[in-house]
Amino acid sequence: MRIGLISGNPGHPVLAAAAALLVRRGHEVVAVPPAGPADELPDACLLKARTPQALVLAGELERQGVPVVNSAAATELCQDRVRMAELARAAGLPFAETVDGGRLGELADPAYPFVVKSRHSRRHDLVARVDGPARLRELAEHWPEEPVVTQPFVPGTGWDQKLWVIDGQVFSARRRSELATGTGTSGQAEDWEPPPGRAELALRVGEVFGLDVYGVDLLDGPAEPVIVDVNAFPGVRGRPGAPEALAALALRVAAERGVGHRVGRVVGQGPGQGVGQGPGQGVGPFARSGGPGR
């Protein structure tokens with residue numbers, strides 16, 4: 001099998017470990033360049049990137065018949081916290097009430113305390129607890145033009161509950177919430193066994209959002225767990241078995257949906273595409289494998 005990666009960081013620990021497993025098993029792992037593979041398309045592609053260029057590239061691969069995990073559409077939807085909340089609540093999921101707050105500098109008369117987040121999820125985005133006007137003014141000085149959403153502050157237990165799913169396999173951990181401590185930093189993740197129903201809830205999220213690799217952030221609400229965020233293709237760091245699950249997913253998708261549909265086809269280069277490496281380059285330390293299983 002030939003597995004493609006769309007990622008700004010193919011050396012990410014879980015992605016790199018999954019790629020190494022695939023190579024050891026005789027498969028080929030390549031970073032997909034902007035114009036697509038020069039000789040042949042991958043049998044399946046893993047999308048661990050959220051830039052506009054990456055989404056354009058993933059969409060073009062899909063139009064050429066390459067299955068992409070997660071799809072470009074599902075990945076893009078999870079970047080918009082308003083759309084995310086609307087979809088979740090329409091499906092009956094216990095998602096935190098999420099309100100479009102416009103630009104942070106224009107946010108007026110909120111009910112304290114509340115949580116403010118960047119509307120568009122991305123690396124180093126804004127996530128903060130706001131207890132009063134002074135804190136709101138401080139944040140607005142640094143993020144005046146930032147489109148934001150607001151959510152009620154859920155006191156809970158002070159621990160973030162993290163559930164990650166890879167192809168139906170649920171991994172979990174918890175960490176001390178930065179919103180509860182007020183320190184601006186969260187503690188290291190620690191092992192945690194979800195109470196009954198949490199894993200089933202996480203799996204339901206995947207069905208609703210059309211995701212194969214994703215994370216669900218939960219808090220303990222007054223009557224039931226509350227979903228506060230959904231992340232497409234998170235890091236899943238430090239969870240034993242995660243690289244193996246990711247490698248198995250890539251091969252399953254390639255076998256079930258990819259092989260035999262793209263002989264002789266290549267991907268055209270769209271305007272503004274700029275993700276990946278040049279044609280024929282391997283991923284980080286991984287060499288191409290010409291062994292069985294391609």
# chains A, B, ... in the order shown; residues from 1 in each chain; ligands from 1
$ residues_around --residues "Glu193 in chain A" --least-positions-apart "2" --cutoff "7 Å" --atoms "only C-alpha atoms" --output "list in words"
Ser172, Asp191 and Pro195 of chain A
$ residues_around --residues "Val148 in chain A" --least-positions-apart "2" --cutoff "8 Å" --atoms "only C-alpha atoms" --output "ChimeraX atom specification"
/A:100-104,116-120,146,150
$ residues_around --residues "Val154 in chain A" --least-positions-apart "5" --cutoff "9 Å" --atoms "only C-alpha atoms" --output "ChimeraX atom specification"
/A:96,114-115,219-222,226
$ write_last_selection --atoms "C-alpha atoms" --output "CSV table (one decimal), in the first residue's frame"
chain,number,residue,atom,x,y,z
A,96,ALA,CA,-22.0,23.3,25.7
A,114,PHE,CA,-17.8,32.5,31.0
A,115,VAL,CA,-15.3,31.0,28.7
A,219,LEU,CA,-16.5,18.3,31.5
A,220,ASP,CA,-18.8,17.0,34.2
A,221,GLY,CA,-21.9,19.1,34.0
A,222,PRO,CA,-24.6,19.4,36.8
A,226,VAL,CA,-20.9,18.3,28.6
$ select_by_dssp --residues "range 16-136 of chain A" --states "strand (DSSP E or B)" --output "list in words"
Glu28, Val29, Val30, Ala31, Ala44, Cys45, Leu46, Leu47, Lys48, Val68, Val69, Asp80, Phe95, Val99, Asp100, Gly101, Gly102, Arg103, Phe114, Val115, Val116, Lys117, Ser118, His120, Val127, Ala128, Arg129 and Val130 of chain A
$ write_last_selection --atoms "N, CA and C atoms" --output "CSV table (one decimal), in the first residue's frame"
chain,number,residue,atom,x,y,z
A,28,GLU,N,4.6,1.8,1.7
A,28,GLU,CA,5.3,3.0,1.4
A,28,GLU,C,4.5,4.2,2.0
A,29,VAL,N,5.3,5.1,2.6
A,29,VAL,CA,4.7,6.3,3.3
A,29,VAL,C,5.4,7.5,2.7
A,30,VAL,N,4.6,8.4,2.1
A,30,VAL,CA,5.1,9.6,1.5
A,30,VAL,C,4.3,10.9,1.9
A,31,ALA,N,5.0,12.0,1.9
A,31,ALA,CA,4.4,13.3,2.1
A,31,ALA,C,3.8,13.7,0.7
A,44,ALA,N,-4.4,5.8,0.1
A,44,ALA,CA,-5.2,6.5,1.1
A,44,ALA,C,-4.3,7.6,1.6
A,45,CYS,N,-4.9,8.6,2.2
A,45,CYS,CA,-4.1,9.7,2.7
A,45,CYS,C,-4.6,10.1,4.1
A,46,LEU,N,-3.7,10.4,5.0
A,46,LEU,CA,-4.0,10.9,6.3
A,46,LEU,C,-3.8,12.4,6.4
A,47,LEU,N,-4.9,13.1,6.8
A,47,LEU,CA,-4.9,14.6,6.8
A,47,LEU,C,-4.7,15.1,8.2
A,48,LYS,N,-3.5,15.4,8.6
A,48,LYS,CA,-3.3,16.0,9.9
A,48,LYS,C,-2.7,17.4,9.7
A,68,VAL,N,-9.5,10.1,2.0
A,68,VAL,CA,-8.7,11.0,2.9
A,68,VAL,C,-9.3,10.9,4.3
A,69,VAL,N,-8.4,10.6,5.3
A,69,VAL,CA,-8.8,10.5,6.7
A,69,VAL,C,-8.2,11.6,7.5
A,80,ASP,N,-14.7,25.5,12.8
A,80,ASP,CA,-15.7,26.5,13.1
A,80,ASP,C,-16.5,26.1,14.3
A,95,PHE,N,-23.7,19.2,23.9
A,95,PHE,CA,-22.7,20.2,23.6
A,95,PHE,C,-23.0,21.5,24.4
A,99,VAL,N,-22.2,30.5,21.8
A,99,VAL,CA,-22.8,31.7,21.2
A,99,VAL,C,-21.8,32.4,20.4
A,100,ASP,N,-22.1,32.8,19.2
A,100,ASP,CA,-21.3,33.6,18.4
A,100,ASP,C,-21.1,35.0,19.0
A,101,GLY,N,-19.9,35.4,19.5
A,101,GLY,CA,-19.7,36.7,20.1
A,101,GLY,C,-19.2,37.8,19.3
A,102,GLY,N,-19.1,37.5,18.0
A,102,GLY,CA,-18.5,38.6,17.1
A,102,GLY,C,-17.0,38.8,17.4
A,103,ARG,N,-16.6,40.0,17.3
A,103,ARG,CA,-15.2,40.3,17.6
A,103,ARG,C,-15.0,40.5,19.1
A,114,PHE,N,-17.6,33.3,32.3
A,114,PHE,CA,-17.8,32.5,31.0
A,114,PHE,C,-16.5,32.2,30.4
A,115,VAL,N,-16.5,31.4,29.4
A,115,VAL,CA,-15.3,31.0,28.7
A,115,VAL,C,-15.4,31.6,27.3
A,116,VAL,N,-14.3,32.2,26.9
A,116,VAL,CA,-14.3,32.8,25.5
A,116,VAL,C,-13.2,32.0,24.7
A,117,LYS,N,-13.6,31.7,23.5
A,117,LYS,CA,-12.7,30.9,22.6
A,117,LYS,C,-12.7,31.5,21.2
A,118,SER,N,-11.6,31.4,20.5
A,118,SER,CA,-11.6,31.8,19.1
A,118,SER,C,-12.7,31.0,18.4
A,120,HIS,N,-12.6,30.2,15.3
A,120,HIS,CA,-11.9,29.3,14.4
A,120,HIS,C,-10.8,28.6,15.1
A,127,VAL,N,-8.4,30.5,24.2
A,127,VAL,CA,-9.3,29.8,25.1
A,127,VAL,C,-9.0,30.4,26.5
A,128,ALA,N,-10.0,31.0,27.1
A,128,ALA,CA,-9.8,31.7,28.4
A,128,ALA,C,-11.0,31.8,29.2
A,129,ARG,N,-10.9,31.7,30.5
A,129,ARG,CA,-12.0,32.0,31.4
A,129,ARG,C,-12.0,33.4,31.8
A,130,VAL,N,-13.2,34.0,31.8
A,130,VAL,CA,-13.4,35.4,32.0
A,130,VAL,C,-14.3,35.6,33.3
$ select_by_dssp --residues "range 87-261 of chain A" --states "helix (DSSP H, G or I)" --output "NGL selection string"
:A and (87-90 or 104-106 or 133-142 or 178-181 or 198-209 or 242-258)
$ residues_around --residues "range 228-231 of chain A" --least-positions-apart "4" --cutoff "6 Å" --atoms "only C-alpha atoms" --output "compact mmCIF listing (two decimals) with N, CA and C atoms, in the first residue's frame"
# COMPACT_ATOMS: atom_id res chain seq x y z
N ALA A 96 -21.88 22.06 24.92
CA ALA A 96 -22.03 23.31 25.68
C ALA A 96 -22.72 24.38 24.83
N TYR A 214 -10.26 11.56 15.91
CA TYR A 214 -10.74 12.81 16.50
C TYR A 214 -10.62 12.77 18.01
N GLY A 215 -10.78 13.94 18.61
CA GLY A 215 -10.76 14.06 20.05
C GLY A 215 -12.02 14.75 20.53
N VAL A 216 -12.46 14.38 21.72
CA VAL A 216 -13.64 14.97 22.35
C VAL A 216 -13.23 15.46 23.73
N ASP A 217 -13.47 16.73 24.02
CA ASP A 217 -13.18 17.30 25.33
C ASP A 217 -14.48 17.36 26.12
N LEU A 218 -14.47 16.74 27.32
CA LEU A 218 -15.65 16.67 28.15
C LEU A 218 -15.42 17.31 29.51
$ atom_distance --atom1 "CA of Leu55 in chain A" --atom2 "CA of Gly26 in chain A"
28.6 Å
$ residues_around --residues "Ala242 in chain A" --least-positions-apart "6" --cutoff "9 Å" --atoms "only C-alpha atoms" --output "ChimeraX atom specification"
/A:14,18,166,169,171,236
$ residues_around --residues "Arg174 in chain A" --least-positions-apart "5" --cutoff "6 Å" --atoms "only C-alpha atoms" --output "number ranges by chain"
A: 160-162, 189-190, 192
$ atom_distance --atom1 "CA of Pro225 in chain A" --atom2 "CA of Gly197 in chain A"
9.3 Å
$ atom_distance --atom1 "CA of Arg237 in chain A" --atom2 "CA of Ala19 in chain A"
15.0 Å
$ closest_residue --among "A:Ala90, A:Val165, A:Leu61, A:Ala232" --to "Ala202 in chain A" --atoms "only C-alpha atoms"
A:Val165
